[in-house]
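J.: Take a look at run_27.cif, mmCIF, C-alpha atoms:
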```
data_start
#
loop_
_atom_site.group_PDB
_atom_site.id
_atom_site.type_symbol
_atom_site.label_atom_id
_atom_site.label_comp_id
_atom_site.auth_asym_id
_atom_site.auth_seq_id
_atom_site.Cartn_x
_atom_site.Cartn_y
_atom_site.Cartn_z
ATOM 1 C CA MET P 1 -67.286 -6.232 3.796
ATOM 2 C CA SER P 2 -65.318 -7.525 6.795
ATOM 3 C CA LYS P 3 -62.611 -5.688 8.742
ATOM 4 C CA GLU P 4 -59.848 -7.758 7.018
ATOM 5 C CA ASP P 5 -60.882 -6.653 3.539
ATOM 6 C CA ILE P 6 -58.913 -3.875 1.945
ATOM 7 C CA SER P 7 -60.382 -1.163 -0.172
ATOM 8 C CA ARG P 8 -59.677 -0.728 -3.853
ATOM 9 C CA ARG P 9 -57.616 2.387 -3.016
ATOM 10 C CA GLN P 10 -55.436 0.491 -0.494
ATOM 11 C CA PHE P 11 -54.937 -2.373 -2.968
ATOM 12 C CA LEU P 12 -53.758 0.014 -5.693
ATOM 13 C CA ASN P 13 -51.529 1.820 -3.184
ATOM 14 C CA TYR P 14 -49.847 -1.443 -2.077
ATOM 15 C CA THR P 15 -49.503 -2.708 -5.656
ATOM 16 C CA LEU P 16 -48.007 0.511 -7.016
ATOM 17 C CA THR P 17 -45.640 0.789 -4.032
ATOM 18 C CA GLY P 18 -44.441 -2.799 -4.582
ATOM 19 C CA VAL P 19 -43.980 -2.336 -8.346
ATOM 20 C CA GLY P 20 -42.202 1.001 -7.752
ATOM 21 C CA GLY P 21 -39.892 -0.650 -5.211
ATOM 22 C CA PHE P 22 -38.945 -3.397 -7.661
ATOM 23 C CA MET P 23 -38.306 -0.819 -10.403
ATOM 24 C CA ALA P 24 -36.150 1.293 -8.071
ATOM 25 C CA ALA P 25 -34.172 -1.773 -6.997
ATOM 26 C CA GLY P 26 -33.683 -2.724 -10.648
ATOM 27 C CA MET P 27 -32.252 0.726 -11.397
ATOM 28 C CA LEU P 28 -30.103 0.978 -8.248
ATOM 29 C CA MET P 29 -28.479 -2.476 -8.340
ATOM 30 C CA PRO P 30 -26.249 -1.756 -11.385
ATOM 31 C CA MET P 31 -25.158 1.543 -9.822
ATOM 32 C CA VAL P 32 -24.310 -0.111 -6.499
ATOM 33 C CA ARG P 33 -22.441 -2.893 -8.300
ATOM 34 C CA PHE P 34 -20.512 -0.303 -10.349
ATOM 35 C CA ALA P 35 -19.482 1.555 -7.178
ATOM 36 C CA LEU P 36 -18.514 -1.553 -5.174
ATOM 37 C CA ASP P 37 -16.839 -3.583 -7.921
ATOM 38 C CA PRO P 38 -13.293 -2.204 -7.393
ATOM 39 C CA ILE P 39 -13.543 -2.853 -3.654
ATOM 40 C CA LEU P 40 -14.581 -6.472 -4.169
ATOM 41 C CA LYS P 41 -11.814 -7.305 -6.671
ATOM 42 C CA GLU P 42 -8.677 -8.964 -5.363
ATOM 43 C CA GLY P 43 -5.576 -6.804 -5.444
ATOM 44 C CA THR P 44 -2.903 -7.702 -7.946
ATOM 45 C CA ASP P 45 0.720 -8.120 -7.018
ATOM 46 C CA GLN P 46 2.987 -5.298 -8.032
ATOM 47 C CA GLU P 47 5.273 -6.115 -10.935
ATOM 48 C CA MET P 48 9.010 -6.198 -10.376
ATOM 49 C CA VAL P 49 10.564 -2.923 -11.563
ATOM 50 C CA ALA P 50 14.181 -2.369 -12.611
ATOM 51 C CA VAL P 51 15.701 0.089 -10.125
ATOM 52 C CA THR P 52 19.475 0.166 -10.605
ATOM 53 C CA SER P 53 22.528 -1.716 -11.732
ATOM 54 C CA VAL P 54 23.962 -4.060 -9.111
ATOM 55 C CA GLU P 55 27.372 -2.445 -9.707
ATOM 56 C CA GLU P 56 26.093 0.822 -8.167
ATOM 57 C CA LEU P 57 25.372 -0.830 -4.823
ATOM 58 C CA ALA P 58 27.771 -0.522 -1.896
ATOM 59 C CA ASN P 59 27.889 -1.336 1.830
ATOM 60 C CA GLU P 60 26.426 2.101 2.608
ATOM 61 C CA PRO P 61 22.639 2.435 2.080
ATOM 62 C CA LYS P 62 21.788 4.569 -0.939
ATOM 63 C CA ARG P 63 18.368 5.930 -1.829
ATOM 64 C CA PHE P 64 16.912 4.979 -5.199
ATOM 65 C CA ASP P 65 13.667 6.377 -6.649
ATOM 66 C CA PHE P 66 11.632 4.332 -9.122
ATOM 67 C CA LYS P 67 8.188 4.441 -10.748
ATOM 68 C CA ILE P 68 5.488 1.811 -10.524
ATOM 69 C CA LYS P 69 2.119 1.534 -12.245
ATOM 70 C CA GLN P 70 -0.656 1.777 -9.672
ATOM 71 C CA LYS P 71 -4.338 1.087 -10.217
ATOM 72 C CA ASP P 72 -6.907 2.604 -7.852
ATOM 73 C CA GLY P 73 -10.343 1.444 -8.904
ATOM 74 C CA TRP P 74 -10.525 2.616 -12.509
ATOM 75 C CA TYR P 75 -7.706 5.166 -12.244
ATOM 76 C CA GLU P 76 -4.244 4.093 -13.379
ATOM 77 C CA SER P 77 -1.201 6.228 -12.628
ATOM 78 C CA ASP P 78 2.578 6.168 -12.366
ATOM 79 C CA VAL P 79 3.680 6.562 -8.753
ATOM 80 C CA THR P 80 7.209 7.341 -7.600
ATOM 81 C CA GLN P 81 8.488 5.185 -4.753
ATOM 82 C CA SER P 82 11.825 5.066 -2.969
ATOM 83 C CA ALA P 83 14.006 2.402 -1.428
ATOM 84 C CA TRP P 84 17.155 2.371 0.671
ATOM 85 C CA VAL P 85 19.362 -0.291 -0.908
ATOM 86 C CA TYR P 86 22.737 -1.696 0.119
ATOM 87 C CA LYS P 87 24.842 -4.835 -0.040
ATOM 88 C CA ALA P 88 25.225 -6.692 3.234
ATOM 89 C CA LYS P 89 28.594 -8.134 4.281
ATOM 90 C CA ASN P 90 27.517 -11.587 3.114
ATOM 91 C CA GLY P 91 26.685 -10.194 -0.367
ATOM 92 C CA ASP P 92 22.884 -10.175 0.038
ATOM 93 C CA ILE P 93 21.107 -7.129 -1.336
ATOM 94 C CA ILE P 94 18.852 -5.446 1.201
ATOM 95 C CA ALA P 95 16.124 -3.043 0.006
ATOM 96 C CA LEU P 96 14.246 -1.193 2.759
ATOM 97 C CA SER P 97 11.168 0.987 2.563
ATOM 98 C CA PRO P 98 11.820 4.594 3.675
ATOM 99 C CA VAL P 99 8.408 4.802 5.385
ATOM 100 C CA CYS P 100 8.638 5.006 9.188
ATOM 101 C CA LYS P 101 6.438 2.460 10.953
ATOM 102 C CA HIS P 102 5.400 4.995 13.598
ATOM 103 C CA LEU P 103 3.365 7.546 11.620
ATOM 104 C CA GLY P 104 4.513 7.107 8.016
ATOM 105 C CA CYS P 105 7.147 9.858 7.851
ATOM 106 C CA THR P 106 10.170 9.377 5.581
ATOM 107 C CA VAL P 107 13.363 8.101 7.178
ATOM 108 C CA ASP P 108 16.818 9.165 6.042
ATOM 109 C CA TRP P 109 20.201 7.491 6.404
ATOM 110 C CA ASN P 110 22.920 8.889 8.665
ATOM 111 C CA THR P 111 21.391 12.362 9.183
ATOM 112 C CA ASP P 112 21.364 12.408 12.997
ATOM 113 C CA PRO P 113 24.871 13.456 14.190
ATOM 114 C CA SER P 114 24.288 12.034 17.676
ATOM 115 C CA HIS P 115 23.454 8.566 16.248
ATOM 116 C CA PRO P 116 25.635 7.924 13.168
ATOM 117 C CA ASN P 117 25.071 5.017 10.780
ATOM 118 C CA GLN P 118 21.377 4.698 11.560
ATOM 119 C CA PHE P 119 18.153 5.512 9.768
ATOM 120 C CA PHE P 120 16.567 8.557 11.393
ATOM 121 C CA CYS P 121 12.958 9.769 11.340
ATOM 122 C CA PRO P 122 12.833 13.494 12.132
ATOM 123 C CA CYS P 123 9.103 13.532 12.948
ATOM 124 C CA HIS P 124 9.351 11.900 16.372
ATOM 125 C CA LEU P 125 13.080 11.134 16.616
ATOM 126 C CA GLY P 126 12.628 7.507 15.563
ATOM 127 C CA ARG P 127 15.714 5.444 14.775
ATOM 128 C CA TYR P 128 16.455 2.195 12.948
ATOM 129 C CA THR P 129 19.672 0.213 12.649
ATOM 130 C CA LYS P 130 21.267 -0.354 9.236
ATOM 131 C CA ASP P 131 19.287 -3.562 8.712
ATOM 132 C CA GLY P 132 15.998 -1.717 9.387
ATOM 133 C CA THR P 133 15.424 -2.962 12.933
ATOM 134 C CA ASN P 134 13.744 -0.384 15.147
ATOM 135 C CA VAL P 135 15.859 0.905 18.037
ATOM 136 C CA LYS P 136 14.239 0.147 21.392
ATOM 137 C CA GLY P 137 13.078 3.215 23.312
ATOM 138 C CA THR P 138 12.265 5.230 20.178
ATOM 139 C CA ALA P 139 8.857 5.887 18.635
ATOM 140 C CA PRO P 140 8.692 3.126 15.963
ATOM 141 C CA LEU P 141 7.353 -0.181 17.256
ATOM 142 C CA ALA P 142 8.207 -2.293 14.199
ATOM 143 C CA PRO P 143 11.119 -2.645 11.757
ATOM 144 C CA LEU P 144 11.127 -1.041 8.306
ATOM 145 C CA ASP P 145 9.357 -2.985 5.555
ATOM 146 C CA VAL P 146 11.541 -4.926 3.109
ATOM 147 C CA TYR P 147 11.028 -4.887 -0.664
ATOM 148 C CA ASP P 148 10.821 -8.145 -2.596
ATOM 149 C CA SER P 149 13.955 -8.123 -4.721
ATOM 150 C CA GLN P 150 15.683 -10.131 -7.395
ATOM 151 C CA VAL P 151 18.774 -9.681 -9.541
ATOM 152 C CA LYS P 152 18.471 -10.362 -13.248
ATOM 153 C CA ASP P 153 21.022 -9.555 -15.949
ATOM 154 C CA GLY P 154 23.034 -7.348 -13.581
ATOM 155 C CA LYS P 155 20.024 -5.215 -12.637
ATOM 156 C CA LEU P 156 18.181 -5.025 -9.338
ATOM 157 C CA TYR P 157 14.419 -5.444 -9.570
ATOM 158 C CA LEU P 158 12.128 -4.486 -6.692
ATOM 159 C CA GLY P 159 8.554 -5.567 -6.076
ATOM 160 C CA LYS P 160 6.208 -4.771 -3.218
ATOM 161 C CA ALA P 161 7.387 -3.718 0.248
ATOM 162 C CA LYS P 162 6.260 -6.194 2.886
ATOM 163 C CA PRO P 163 6.588 -6.344 6.671
ATOM 164 C CA ARG P 164 9.394 -8.531 7.894
ATOM 165 C CA LYS P 165 8.624 -12.098 8.822
ATOM 166 C CA GLY P 166 8.436 -12.442 12.573
ATOM 167 C CA ALA P 167 8.055 -8.670 13.048
#
```
Could the structure of this file be written out as structure tokens, please?

T.:
Amino acid sequence: MSKEDISRRQFLNYTLTGVGGFMAAGMLMPMVRFALDPILKEGTDQEMVAVTSVEELANEPKRFDFKIKQKDGWYESDVTQSAWVYKAKNGDIIALSPVCKHLGCTVDWNTDPSHPNQFFCPCHLGRYTKDGTNVKGTAPLAPLDVYDSQVKDGKLYLGKAKPRKGA
């Protein structure tokens, strides 16, 4: 027997370790795939949801709450979201997300007496103009997100909130 030869015991040890490794991999792969599958799937666009009648809209922003169906992995739920909606002077309907771009607090319309007719975030005194543009010198560094919107049969439908183009 030369030094490169392996003993019967070493051969069995290597063989059983290799077979055991393949068996373990065969059992673990479906579990890993099951856990990672939701992460690897592409997200679906949110459906447009009826929020309000167009007749209820005015020049002053008004908060509307609505429910969307949300899917997280295998869990589906109804989630309540909000939007600040108003009609612009040119007749366009503007729907803004109430989520502050600084730290995610909720902004409110016209609640800061020292700065009327602005969105105000009480967390860090952030301010936005009526069109959602962040006021320079305050905490937020980006404008409020804008909801995709469409009018159909006299009702306003909102989709997903997206950052403004060019923001």

J.: Residue by residue, what does the PyMOL selection byres ((chain P and resi 124) around 12) grab here? Present the result as a list in words.

T.: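 Taken over the shown coordinates, the PyMOL selection byres ((chain P and resi 124) around 12) returns Cys100, Lys101, His102, Leu103, Gly104, Cys105, Thr106, Val107, Phe120, Cys121, Pro122, Cys123, Leu125, Gly126, Arg127, Gly137, Thr138, Ala139 and Pro140 of chain P.
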
J.: Pick from P:Met29, P:Val151, P:Leu156, P:Val85: nearest to Gly132 (chain P), with all atoms listed in the file counted?

T.: P:Val85

J.: Once the PyMOL selection byres ((chain P and resi 131) around 12) is applied to the coordinates I shared, what remains selected? I want it as a VMD selection string.

T.: chain P and resid 59 to 61 84 to 89 92 to 97 109 117 to 119 127 to 130 132 to 135 143 to 146 164

J.: With distances taken over all atoms listed in the file, which residue among P:Arg9, P:Lys62, P:Lys160, P:Arg33 lies nearest Asn110 (chain P)?

T.: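 Using all atoms listed in the file, the shortest distance to Asn110 (chain P) belongs to P:Lys62.
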
J.: Can you work out which one of P:Gly154, P:Gly91, P:Pro163, P:Gly20 has the shortest atom-to-atom distance to Glu55 (chain P), counting all atoms listed in the file?

T.: P:Gly154
